Amino acid sequence: MLRHRRLKMSTSVTCSYQAPSTSQEEGILRIFRRCCSSLHTHSKMLTDRKRPFVTVTYAQSVDGSVSSSSSFPLLLSSPESLKATHILRRLHDSICVGIRTALTDDPRLTSRFGNEYFKNKELKHPRPVLLDTLCKAHTDLKIISEEVKGRENPFVVCSHSTCLDEEKEKFEARQQVLKNAGCCIVECKSTNYRIDLEDALSKLYDAGVKSLMVEGGARIIESFLHRMDLVNQIIVTISPQYVGGLKALNTLLPMDENKTFPRLKNVEWIPVDEDVILYGDVQDDNK
Ligand SMILES: NC(=O)c1ccc[n+]([C@@H]2O[C@H](COP(=O)([O-])OP(=O)(O)OC[C@H]3O[C@@H](n4cnc5c(N)ncnc54)[C@H](OP(=O)(O)O)[C@@H]3O)[C@@H](O)[C@H]2O)c1
């Protein structure tokens, strides 16, 4: 039987949770508390820097695949791990995916499961953020077309600067279609013909996003892993399967001055069904 507890902290999230009765619930609540506490710890520092708290989270097979291929979705998480993901979604202001995930999976990106863990039973969904350099999204995607009670319209983050002159008119027309469908367009700088993540985060912060959960797909995760200075925590669900498919990381990350690759700090892990959810911090609080 779940019992109510309250975390005393001033974050933008409702950190009111229910006390567990099983070790599985205790595990999920450990992630919940840890995430609330990290959001709280970082809130002041991130206000100074004017960018959101960033959680990168994804599910992978033992061999590091996030799906079988770019054009096929593959459900890797167990039902309980999925619940943990939905709880994490609810703790963040916004949730971000890349255009290919939007086109392939057509996800809702809502927080539908795990409501029993919250004292406030009113569902709260993160605002979707679509990283879509050239505004290729179509308006019947669920995050654009479906009205969800209590959720704000999606942000579409794009970059005009990646367009060839002869394509600018078509780009602007596509942008207008998305605007007409209710999307909030965020124009950013580009790096290597893709969204400049630092600029995107700063603009999203100005638009009210204080915490962002990055959920995929592979190229988006890889880009954030190459900019670990922008990431605060990483949460990976490891499913006991082999896939040999699309990997979250294909290229070497830069080493630090001690010639070591990036490592997570304050690492914890919990078993959930047959999965393991591993989480750790990226940045020092003072960095
Ligand atoms: N296991 C999981 O947790 C999980 C979660 C989500 C998705 N997935 C899977 O991941 C697969 C899709 O992944 P994907 O790698 O093909 O696509 P993706 O990461 O969803 O989207 C990549 C696209 O985003 C755009 N983009 C804009 N700025 C970017 C930046 N700074 N860095 C990288 N991309 C940027 C680019 O589109 P332009 O070329 O138009 O600029 C790029 O091609 C699907 O199979 C999906 O099922 C798995």
# chains A, B, ... in the order shown; residues from 1 in each chain; ligands from 1
>>> select_by_dssp(residues="region 19-260 of chain A", states="strand (DSSP E)", output="ChimeraX atom specification")
/A:19,53-61,65-67,94-98,127-131,155-158,184-187,190-191,194-195,211-216,233-239,246-247
>>> write_last_selection(atoms="C-alpha atoms", output="PDB file, in the first residue's frame")
ATOM      1  CA  ALA A  19       5.999   5.828   0.222  1.00  0.00           C
ATOM      2  CA  PHE A  53      18.648  21.383 -16.272  1.00  0.00           C
ATOM      3  CA  VAL A  54      19.233  18.611 -18.840  1.00  0.00           C
ATOM      4  CA  THR A  55      18.598  14.899 -18.302  1.00  0.00           C
ATOM      5  CA  VAL A  56      19.609  12.575 -21.151  1.00  0.00           C
ATOM      6  CA  THR A  57      17.674   9.347 -20.897  1.00  0.00           C
ATOM      7  CA  TYR A  58      17.278   6.349 -23.172  1.00  0.00           C
ATOM      8  CA  ALA A  59      16.801   2.593 -23.237  1.00  0.00           C
ATOM      9  CA  GLN A  60      19.449   0.359 -24.756  1.00  0.00           C
ATOM     10  CA  SER A  61      20.161  -3.324 -25.232  1.00  0.00           C
ATOM     11  CA  SER A  65      21.549  -0.451 -29.401  1.00  0.00           C
ATOM     12  CA  VAL A  66      18.629   1.952 -28.997  1.00  0.00           C
ATOM     13  CA  SER A  67      16.672   0.385 -31.857  1.00  0.00           C
ATOM     14  CA  SER A  94       9.869  19.719 -21.403  1.00  0.00           C
ATOM     15  CA  ILE A  95      10.847  16.622 -23.343  1.00  0.00           C
ATOM     16  CA  CYS A  96      12.946  16.638 -26.484  1.00  0.00           C
ATOM     17  CA  VAL A  97      13.262  14.261 -29.465  1.00  0.00           C
ATOM     18  CA  GLY A  98      14.845  14.477 -32.892  1.00  0.00           C
ATOM     19  CA  ARG A 127       5.919  20.289 -23.220  1.00  0.00           C
ATOM     20  CA  PRO A 128       7.349  18.610 -26.347  1.00  0.00           C
ATOM     21  CA  VAL A 129      10.452  20.009 -28.041  1.00  0.00           C
ATOM     22  CA  LEU A 130      11.189  18.801 -31.557  1.00  0.00           C
ATOM     23  CA  LEU A 131      14.698  19.301 -32.933  1.00  0.00           C
ATOM     24  CA  PHE A 155       8.278  23.863 -29.622  1.00  0.00           C
ATOM     25  CA  VAL A 156       9.836  23.204 -33.014  1.00  0.00           C
ATOM     26  CA  VAL A 157      13.512  24.134 -32.910  1.00  0.00           C
ATOM     27  CA  CYS A 158      14.890  24.862 -36.381  1.00  0.00           C
ATOM     28  CA  CYS A 184       5.954  27.552 -31.260  1.00  0.00           C
ATOM     29  CA  ILE A 185       8.947  28.056 -33.563  1.00  0.00           C
ATOM     30  CA  VAL A 186      12.381  28.546 -31.986  1.00  0.00           C
ATOM     31  CA  GLU A 187      14.955  29.780 -34.511  1.00  0.00           C
ATOM     32  CA  SER A 190      23.463  25.923 -36.488  1.00  0.00           C
ATOM     33  CA  THR A 191      26.667  23.920 -36.089  1.00  0.00           C
ATOM     34  CA  ARG A 194      22.335  20.977 -37.375  1.00  0.00           C
ATOM     35  CA  ILE A 195      20.802  22.749 -34.417  1.00  0.00           C
ATOM     36  CA  SER A 211      14.274  21.458 -17.085  1.00  0.00           C
ATOM     37  CA  LEU A 212      14.543  19.330 -20.224  1.00  0.00           C
ATOM     38  CA  MET A 213      14.490  15.561 -20.657  1.00  0.00           C
ATOM     39  CA  VAL A 214      16.263  14.451 -23.847  1.00  0.00           C
ATOM     40  CA  GLU A 215      14.772  11.142 -24.952  1.00  0.00           C
ATOM     41  CA  GLY A 216      16.376  10.380 -28.300  1.00  0.00           C
ATOM     42  CA  GLN A 233      22.396  13.779 -15.499  1.00  0.00           C
ATOM     43  CA  ILE A 234      22.140  10.621 -17.569  1.00  0.00           C
ATOM     44  CA  ILE A 235      19.667   7.813 -16.957  1.00  0.00           C
ATOM     45  CA  VAL A 236      20.021   4.653 -19.049  1.00  0.00           C
ATOM     46  CA  THR A 237      17.698   1.676 -18.976  1.00  0.00           C
ATOM     47  CA  ILE A 238      19.630  -1.453 -19.916  1.00  0.00           C
ATOM     48  CA  SER A 239      17.491  -4.261 -21.246  1.00  0.00           C
ATOM     49  CA  LEU A 246      21.455   1.523 -34.118  1.00  0.00           C
ATOM     50  CA  LYS A 247      23.890   2.664 -31.414  1.00  0.00           C
TER      51      LYS A 247
END
>>> residues_around(residues="region 145-152 of chain A", least_positions_apart="2", cutoff="10 Å", atoms="only C-alpha atoms", output="list of chain:residue names")
A:Ser94, A:Arg108, A:Thr110, A:Glu122, A:Leu123, A:Lys124, A:His125, A:Pro126, A:Arg127, A:Pro128, A:His138, A:Thr139, A:Asp140, A:Leu141, A:Lys142, A:Ile143, A:Pro154, A:Phe155, A:Ala181, A:Gly182, A:Cys183, A:Cys184
>>> closest_residue(among="A:Thr85, A:Gln24, A:Ser37, A:Thr101", to="ligand 1", atoms="only C-alpha atoms and all ligand atoms")
A:Thr101
>>> closest_residue(among="A:His226, A:Lys265, A:Arg100, A:Arg51", to="ligand 1", atoms="only C-alpha atoms and all ligand atoms")
A:Arg100
>>> atom_distance(atom1="atom 32 (N, counted along the ligand's line) of ligand 1", atom2="CA of Arg227 (chain A)")
10.3 Å
>>> select_by_dssp(residues="region 48-88 of chain A", states="helix (DSSP H, G or I)", output="list of chain:residue names")
A:Asp48, A:Arg49, A:Pro79, A:Glu80, A:Ser81, A:Leu82, A:Lys83, A:Ala84, A:Thr85, A:His86, A:Ile87, A:Leu88
>>> residues_around(residues="region 68-84 of chain A", least_positions_apart="5", cutoff="6 Å", atoms="only C-alpha atoms", output="ChimeraX atom specification")
/A:104-105,113-114,245-246
>>> residues_around(residues="Lys136 (chain A)", least_positions_apart="6", cutoff="10 Å", atoms="only C-alpha atoms", output="mmCIF file with N, CA and C atoms, in the first residue's frame")
data_model
loop_
_atom_site.group_PDB
_atom_site.id
_atom_site.type_symbol
_atom_site.label_atom_id
_atom_site.label_comp_id
_atom_site.auth_asym_id
_atom_site.auth_seq_id
_atom_site.Cartn_x
_atom_site.Cartn_y
_atom_site.Cartn_z
ATOM 1 N N ILE A 99 13.871 14.844 -35.062
ATOM 2 C CA ILE A 99 12.847 14.725 -36.100
ATOM 3 C C ILE A 99 12.687 13.283 -36.590
ATOM 4 N N ARG A 100 13.793 12.529 -36.626
ATOM 5 C CA ARG A 100 13.647 11.167 -37.160
ATOM 6 C C ARG A 100 12.844 10.281 -36.208
ATOM 7 N N LEU A 103 9.242 11.171 -36.733
ATOM 8 C CA LEU A 103 8.661 10.614 -37.962
ATOM 9 C C LEU A 103 8.547 9.089 -37.891
ATOM 10 N N CYS A 158 14.403 24.992 -35.002
ATOM 11 C CA CYS A 158 14.890 24.862 -36.381
ATOM 12 C C CYS A 158 15.996 25.882 -36.633
ATOM 13 N N PHE A 171 11.318 26.450 -47.035
ATOM 14 C CA PHE A 171 11.523 26.330 -45.590
ATOM 15 C C PHE A 171 10.519 27.224 -44.853
ATOM 16 N N ARG A 174 7.043 25.828 -44.945
ATOM 17 C CA ARG A 174 6.857 24.707 -44.003
ATOM 18 C C ARG A 174 6.750 25.235 -42.567
ATOM 19 N N GLN A 175 7.572 26.242 -42.276
ATOM 20 C CA GLN A 175 7.560 26.841 -40.936
ATOM 21 C C GLN A 175 6.169 27.451 -40.652
ATOM 22 N N LEU A 178 3.609 24.861 -39.775
ATOM 23 C CA LEU A 178 3.755 24.397 -38.386
ATOM 24 C C LEU A 178 3.220 25.444 -37.406
#
>>> closest_residue(among="A:Cys135, A:Pro271, A:Lys44, A:Thr22", to="Glu172 (chain A)", atoms="only C-alpha atoms")
A:Cys135
>>> closest_residue(among="A:Leu201, A:Val272, A:Leu109, A:Leu134", to="ligand 1", atoms="only C-alpha atoms and all ligand atoms")
A:Leu134
>>> closest_residue(among="A:His160, A:Arg263, A:Lys119, A:Arg49", to="ligand 1", atoms="only C-alpha atoms and all ligand atoms")
A:His160
>>> atom_distance(atom1="atom 10 (O, counted along the ligand's line) of ligand 1", atom2="CA of Val209 (chain A)")
23.5 Å
>>> closest_residue(among="A:Leu46, A:Val243, A:Cys188, A:Leu88", to="Leu230 (chain A)", atoms="only C-alpha atoms")
A:Leu46
>>> atom_distance(atom1="atom 21 (O, counted along the ligand's line) of ligand 1", atom2="CA of Leu252 (chain A)")
19.1 Å
>>> residues_around(residues="Asp206 (chain A)", least_positions_apart="4", cutoff="10 Å", atoms="only C-alpha atoms", output="JSON, numbers by chain")
{"A": [50, 51, 52, 200, 201, 202, 210]}
